[in-house]
>>> print(open('model_10.txt').read())   # compact mmCIF, C-alpha atoms
# COMPACT_ATOMS: atom_id res chain seq x y z
CA MET N 1 111.38 33.22 45.30
CA HIS N 2 110.88 33.12 49.09
CA TYR N 3 110.89 29.49 50.14
CA GLN N 4 112.62 29.88 53.49
CA PRO N 5 110.93 31.73 56.39
CA GLU N 6 113.83 34.15 56.91
CA VAL N 7 113.38 37.11 59.27
CA ASP N 8 115.16 40.44 58.96
CA GLU N 9 117.07 41.11 62.17
CA ALA N 10 116.73 44.90 62.05
CA SER N 11 112.94 45.11 61.62
CA LYS N 12 111.98 41.67 62.94
CA LYS N 13 109.73 41.19 59.87
CA PRO N 14 109.78 38.22 57.50
CA GLU N 15 111.77 38.68 54.31
CA VAL N 16 108.59 38.24 52.22
CA ILE N 17 107.01 41.28 53.91
CA GLU N 18 110.19 43.35 53.50
CA PHE N 19 110.33 42.47 49.79
CA TYR N 20 106.65 43.36 49.32
CA ASN N 21 107.07 46.70 51.09
CA SER N 22 110.10 47.56 48.95
CA THR N 23 108.25 46.86 45.68
CA LYS N 24 104.69 48.04 46.39
CA GLY N 25 105.49 51.61 45.34
CA GLY N 26 104.83 50.70 41.70
CA VAL N 27 101.23 49.72 42.46
CA ASP N 28 100.67 52.94 44.41
CA THR N 29 102.12 55.01 41.57
CA PHE N 30 99.99 53.14 39.04
CA ASP N 31 96.82 53.73 41.11
CA LYS N 32 97.68 57.42 41.41
CA MET N 33 98.16 57.70 37.64
CA VAL N 34 94.86 55.92 36.95
CA HIS N 35 93.06 58.19 39.40
CA SER N 36 94.35 61.39 37.77
CA TYR N 37 93.11 60.52 34.22
CA SER N 38 90.64 57.69 33.94
CA VAL N 39 88.14 56.65 31.26
CA SER N 40 85.98 54.91 33.82
CA ARG N 41 82.39 56.02 34.39
CA LYS N 42 79.81 55.06 36.97
CA THR N 43 78.13 51.83 35.91
CA ARG N 44 76.36 48.85 37.42
CA ARG N 45 77.58 46.49 34.72
CA TRP N 46 80.72 44.74 35.89
CA PRO N 47 81.95 43.75 32.39
CA LEU N 48 81.92 47.43 31.43
CA ARG N 49 83.80 48.30 34.62
CA MET N 50 86.41 45.66 33.76
CA PHE N 51 86.70 47.13 30.26
CA TYR N 52 87.29 50.61 31.73
CA GLY N 53 90.05 49.16 33.91
CA ILE N 54 91.66 47.51 30.89
CA LEU N 55 91.55 50.80 28.97
CA ASP N 56 93.15 52.65 31.90
CA GLN N 57 95.91 50.04 32.12
CA ALA N 58 96.48 50.08 28.37
CA GLY N 59 96.74 53.89 28.38
CA ILE N 60 99.38 53.91 31.12
CA ASN N 61 101.33 51.00 29.63
CA SER N 62 101.35 52.56 26.16
CA MET N 63 102.53 55.89 27.60
CA ILE N 64 105.38 54.16 29.43
CA LEU N 65 106.39 52.23 26.30
CA TYR N 66 106.19 55.39 24.19
CA GLY N 67 108.34 57.29 26.69
CA GLU N 68 110.93 54.51 26.66
CA SER N 69 111.02 54.23 22.85
CA VAL N 70 111.36 57.98 22.32
CA HIS N 71 113.82 58.29 25.23
CA SER N 72 112.02 61.31 26.61
CA GLU N 73 111.47 61.85 30.29
CA GLY N 74 108.27 63.37 31.55
CA VAL N 75 105.86 62.66 28.71
CA ASN N 76 102.77 64.78 29.38
CA ARG N 77 100.15 62.12 30.12
CA ARG N 78 97.15 64.30 29.35
CA LYS N 79 98.44 65.24 25.90
CA PHE N 80 99.51 61.67 25.23
CA LEU N 81 96.08 60.23 26.11
CA LYS N 82 94.35 62.91 24.05
CA GLU N 83 96.48 62.10 21.00
CA LEU N 84 96.07 58.36 21.60
CA GLY N 85 92.28 58.73 21.69
CA PHE N 86 92.33 60.83 18.53
CA GLN N 87 94.50 58.31 16.67
CA LEU N 88 92.22 55.45 17.74
CA ALA N 89 89.10 57.32 16.54
CA LYS N 90 90.59 58.82 13.35
CA GLN N 91 89.89 55.87 11.04
CA GLN N 92 86.29 55.63 12.27
CA MET N 93 85.75 59.36 11.68
CA GLU N 94 87.17 59.08 8.14
CA GLU N 95 84.84 56.17 7.39
CA ARG N 96 81.83 58.07 8.76
CA LEU N 97 82.54 60.96 6.41
CA GLU N 98 81.74 58.58 3.53
CA SER N 99 78.19 58.04 4.84
CA GLN N 100 75.19 60.35 5.10
CA LEU N 101 75.65 62.66 8.11
CA PRO N 102 73.98 65.80 9.44
CA ASN N 103 75.83 68.91 8.26
CA ASP N 104 76.94 70.02 11.72
CA LEU N 105 78.39 66.59 12.56
CA ARG N 106 80.11 66.43 9.16
CA SER N 107 81.68 69.87 9.64
CA ASN N 108 82.84 68.96 13.19
CA ILE N 109 84.53 65.78 11.94
CA GLN N 110 86.14 67.66 9.06
CA LYS N 111 87.40 70.31 11.47
CA LEU N 112 88.90 67.64 13.78
CA LEU N 113 90.59 65.89 10.87
CA GLY N 114 91.81 69.16 9.35
CA ILE N 115 89.90 68.59 6.11
CA GLU N 116 88.50 71.56 4.22
CA ASP N 117 84.75 71.49 3.75
CA SER N 118 84.15 70.39 0.14
CA THR N 119 80.74 72.07 -0.01
CA VAL N 120 82.15 75.57 0.59
CA GLY N 121 82.03 77.61 -2.60
CA GLN N 122 79.63 75.26 -4.38
CA PRO N 123 76.23 76.54 -5.39
CA PRO N 124 73.34 75.34 -3.24
CA PRO N 125 71.11 72.62 -4.67
CA ALA N 126 68.44 73.97 -7.00
CA LYS N 127 64.73 73.63 -6.18
CA LEU N 128 62.41 72.11 -8.76
CA PRO N 129 58.98 73.63 -9.42
CA LYS N 130 57.33 70.24 -8.74
CA GLN N 131 58.36 66.86 -7.43
CA ALA N 132 60.26 64.53 -9.73
CA ARG N 133 61.71 61.05 -9.40
CA CYS N 134 65.43 60.76 -8.54
CA HIS N 135 67.26 59.87 -11.74
CA LEU N 136 69.81 57.68 -9.89
CA CYS N 137 67.43 55.57 -7.77
CA PRO N 138 65.74 52.49 -9.24
CA ARG N 139 62.22 53.15 -10.47
CA LYS N 140 60.70 50.69 -7.99
CA LYS N 141 61.93 52.89 -5.11
CA ASP N 142 59.91 55.82 -6.51
CA MET N 143 61.99 58.46 -4.67
CA LYS N 144 60.21 61.76 -5.35
CA VAL N 145 62.25 64.90 -4.64
CA LYS N 146 62.11 68.65 -5.17
CA ILE N 147 65.89 69.15 -5.19
CA SER N 148 68.06 68.87 -8.30
CA CYS N 149 71.76 68.73 -9.07
CA ALA N 150 73.20 72.26 -9.19
CA LYS N 151 75.17 71.41 -12.31
CA CYS N 152 72.97 69.26 -14.58
CA MET N 153 69.59 70.13 -12.97
CA LYS N 154 68.50 66.46 -12.81
CA PRO N 155 66.47 65.54 -9.71
CA VAL N 156 68.47 63.76 -6.99
CA CYS N 157 67.45 62.35 -3.61
CA ARG N 158 69.34 63.07 -0.38
CA VAL N 159 71.11 59.69 -0.61
CA HIS N 160 72.72 60.63 -3.94
CA ARG N 161 72.98 64.38 -3.42
CA LYS N 162 76.37 65.94 -2.88
CA ASP N 163 75.16 69.29 -4.14
CA ILE N 164 76.00 67.89 -7.57
CA CYS N 165 74.92 64.43 -8.65
CA ASP N 166 77.18 61.35 -8.95
CA ASP N 167 77.17 61.57 -12.78
CA CYS N 168 78.53 65.11 -12.69
CA LEU N 169 81.16 64.13 -10.14
CA LYS N 170 82.35 61.36 -12.48
CA SER N 171 82.58 63.72 -15.45
CA GLU N 172 84.79 66.20 -13.59
>>> encode(input="model_10.txt", output="structure tokens")
Amino acid sequence: MHYQPEVDEASKKPEVIEFYNSTKGGVDTFDKMVHSYSVSRKTRRWPLRMFYGILDQAGINSMILYGESVHSEGVNRRKFLKELGFQLAKQQMEERLESQLPNDLRSNIQKLLGIEDSTVGQPPPAKLPKQARCHLCPRKKDMKVKISCAKCMKPVCRVHRKDICDDCLKSE
């Protein structure tokens, strides 16, 4: 773009320097935006630091593209990044709900996703007088439990327990 060493008569600076000075505001603005909301954390691992930089750049670029596609000026960056992070994590949270989780973590995820707790209103699991083998596990596992299904009263281990056993869930 600048093949000839032309000098601006007013400032006595080369044209390349004048062009750079007129366009460097974008980099300064970008650095200011990254500094205000950044995902970066202190680390000694340079690949992780590079990844943080990529995430910061992707967040700003996606906000700019979103603002241009919606034709709205002044998109609130904090709210946008919060919603972006939630949308990126939503599928993972939904998949985790399918696995065995501690009750407090399960209720927090359900609250974030706006899902009603399915265990509310269900009777608590019944206690057996003595240990029995889970009726859903293979016999070779020999899973002995003291908790039974609240509906059919068959013994179920914590892997199969949903306060009512899988068989009862299928029959509903």
>>> atom_distance(input="model_10.txt", atom1="atom CA of N:Val156", atom2="atom CA of N:Gln92")
27.5 Å
>>> residues_around(input="model_10.txt", residues="N:Gln57", least_positions_apart="5", cutoff="9 Å", atoms="all atoms listed in the file", output="ChimeraX atom specification")
/N:30,34,52,62
>>> atom_distance(input="model_10.txt", atom1="atom CA of N:Asn76", atom2="atom CA of N:Val39")
16.8 Å
>>> residues_around(input="model_10.txt", residues="N:Glu95", least_positions_apart="4", cutoff="12 Å", atoms="all atoms listed in the file", output="ChimeraX atom specification")
/N:89-91,99-101,106,109-110,113
>>> write_last_selection(input="model_10.txt", atoms="C-alpha atoms", output="short mmCIF file (atom, residue, chain, number, x, y, z; two decimals), in the coordinates of the input")
data_model
loop_
_atom_site.label_atom_id
_atom_site.label_comp_id
_atom_site.auth_asym_id
_atom_site.auth_seq_id
_atom_site.Cartn_x
_atom_site.Cartn_y
_atom_site.Cartn_z
CA ALA N 89 89.10 57.32 16.54
CA LYS N 90 90.59 58.82 13.35
CA GLN N 91 89.89 55.87 11.04
CA SER N 99 78.19 58.04 4.84
CA GLN N 100 75.19 60.35 5.10
CA LEU N 101 75.65 62.66 8.11
CA ARG N 106 80.11 66.43 9.16
CA ILE N 109 84.53 65.78 11.94
CA GLN N 110 86.14 67.66 9.06
CA LEU N 113 90.59 65.89 10.87
#
>>> residues_around(input="model_10.txt", residues="N:Lys127", least_positions_apart="2", cutoff="7 Å", atoms="all atoms listed in the file", output="PyMOL selection string")
chain N and resi 125+129+146-148
>>> closest_residue(input="model_10.txt", among="N:Arg78, N:Arg158, N:His71, N:Lys130", to="N:Met33", atoms="all atoms listed in the file")
N:Arg78
>>> atom_distance(input="model_10.txt", atom1="atom CA of N:Tyr66", atom2="atom CA of N:Pro47")
28.1 Å
>>> axis_aligned_box(input="model_10.txt", around="stretch 12-25 of chain N", padding_each_side="5 Å", output="JSON")
{"center_x": 108.3, "center_y": 44.9, "center_z": 54.1, "size_x": 17.3, "size_y": 23.4, "size_z": 27.6}
>>> closest_residue(input="model_10.txt", among="N:Leu65, N:Leu136, N:Lys82, N:Asp8", to="N:Asp167", atoms="only C-alpha atoms")
N:Leu136
>>> closest_residue(input="model_10.txt", among="N:Arg133, N:Arg45, N:His35, N:Lys79", to="N:Pro155", atoms="only C-alpha atoms")
N:Arg133
>>> residues_near_point(input="model_10.txt", point="(79.8, 68.2, 8.1)", cutoff="12 Å", atoms="only C-alpha atoms", output="ChimeraX atom specification")
/N:93-94,96-113,115-120,162
>>> decode(input="model_10.txt", residues="stretch 84-153 of chain N", atoms="C-alpha atoms", output="CSV table (one decimal), in the first residue's frame")
chain,number,residue,atom,x,y,z
N,84,LEU,CA,-23.0,-15.7,25.6
N,85,GLY,CA,-21.3,-17.7,28.4
N,86,PHE,CA,-24.7,-19.1,29.5
N,87,GLN,CA,-25.6,-20.2,26.0
N,88,LEU,CA,-22.2,-21.8,25.5
N,89,ALA,CA,-22.6,-23.7,28.8
N,90,LYS,CA,-26.3,-24.6,28.5
N,91,GLN,CA,-25.9,-27.8,26.5
N,92,GLN,CA,-23.3,-29.1,28.9
N,93,MET,CA,-25.5,-28.3,31.9
N,94,GLU,CA,-28.4,-30.2,30.3
N,95,GLU,CA,-26.2,-33.2,29.6
N,96,ARG,CA,-24.9,-33.2,33.2
N,97,LEU,CA,-28.5,-33.3,34.6
N,98,GLU,CA,-28.8,-36.8,33.0
N,99,SER,CA,-25.9,-38.1,35.1
N,100,GLN,CA,-25.6,-38.7,38.9
N,101,LEU,CA,-25.0,-35.4,40.6
N,102,PRO,CA,-25.0,-34.1,44.2
N,103,ASN,CA,-28.4,-32.7,45.1
N,104,ASP,CA,-27.2,-29.1,45.6
N,105,LEU,CA,-25.4,-29.1,42.3
N,106,ARG,CA,-28.5,-30.6,40.5
N,107,SER,CA,-30.8,-27.9,42.1
N,108,ASN,CA,-28.4,-25.1,41.1
N,109,ILE,CA,-28.3,-26.3,37.5
N,110,GLN,CA,-32.0,-26.7,37.4
N,111,LYS,CA,-32.4,-23.2,38.8
N,112,LEU,CA,-30.1,-21.7,36.2
N,113,LEU,CA,-31.9,-23.5,33.4
N,114,GLY,CA,-35.3,-22.6,34.7
N,115,ILE,CA,-36.4,-26.2,35.2
N,116,GLU,CA,-38.6,-27.2,38.1
N,117,ASP,CA,-37.2,-29.7,40.4
N,118,SER,CA,-38.7,-33.1,39.6
N,119,THR,CA,-38.2,-34.5,43.1
N,120,VAL,CA,-40.4,-31.9,44.8
N,121,GLY,CA,-43.6,-33.4,45.9
N,122,GLN,CA,-42.4,-37.0,45.6
N,123,PRO,CA,-42.2,-39.1,48.7
N,124,PRO,CA,-38.7,-39.8,50.0
N,125,PRO,CA,-37.1,-43.1,49.3
N,126,ALA,CA,-38.2,-45.8,51.8
N,127,LYS,CA,-35.7,-47.5,54.1
N,128,LEU,CA,-35.6,-51.3,54.2
N,129,PRO,CA,-35.2,-53.1,57.5
N,130,LYS,CA,-32.1,-54.9,56.2
N,131,GLN,CA,-29.8,-54.7,53.3
N,132,ALA,CA,-31.0,-56.2,50.0
N,133,ARG,CA,-29.6,-56.5,46.5
N,134,CYS,CA,-30.6,-53.9,43.9
N,135,HIS,CA,-33.1,-55.5,41.6
N,136,LEU,CA,-31.9,-53.6,38.6
N,137,CYS,CA,-28.1,-54.3,38.9
N,138,PRO,CA,-26.6,-57.5,37.6
N,139,ARG,CA,-26.2,-60.2,40.2
N,140,LYS,CA,-22.4,-60.2,39.8
N,141,LYS,CA,-22.2,-56.6,40.9
N,142,ASP,CA,-23.9,-57.6,44.3
N,143,MET,CA,-25.0,-54.0,45.0
N,144,LYS,CA,-26.5,-54.2,48.6
N,145,VAL,CA,-28.7,-51.3,49.6
N,146,LYS,CA,-31.0,-50.3,52.3
N,147,ILE,CA,-33.1,-47.9,50.2
N,148,SER,CA,-36.1,-49.0,48.1
N,149,CYS,CA,-38.3,-47.5,45.5
N,150,ALA,CA,-41.0,-45.3,47.1
N,151,LYS,CA,-43.6,-46.8,44.7
N,152,CYS,CA,-43.0,-50.5,44.3
N,153,MET,CA,-40.8,-50.9,47.4
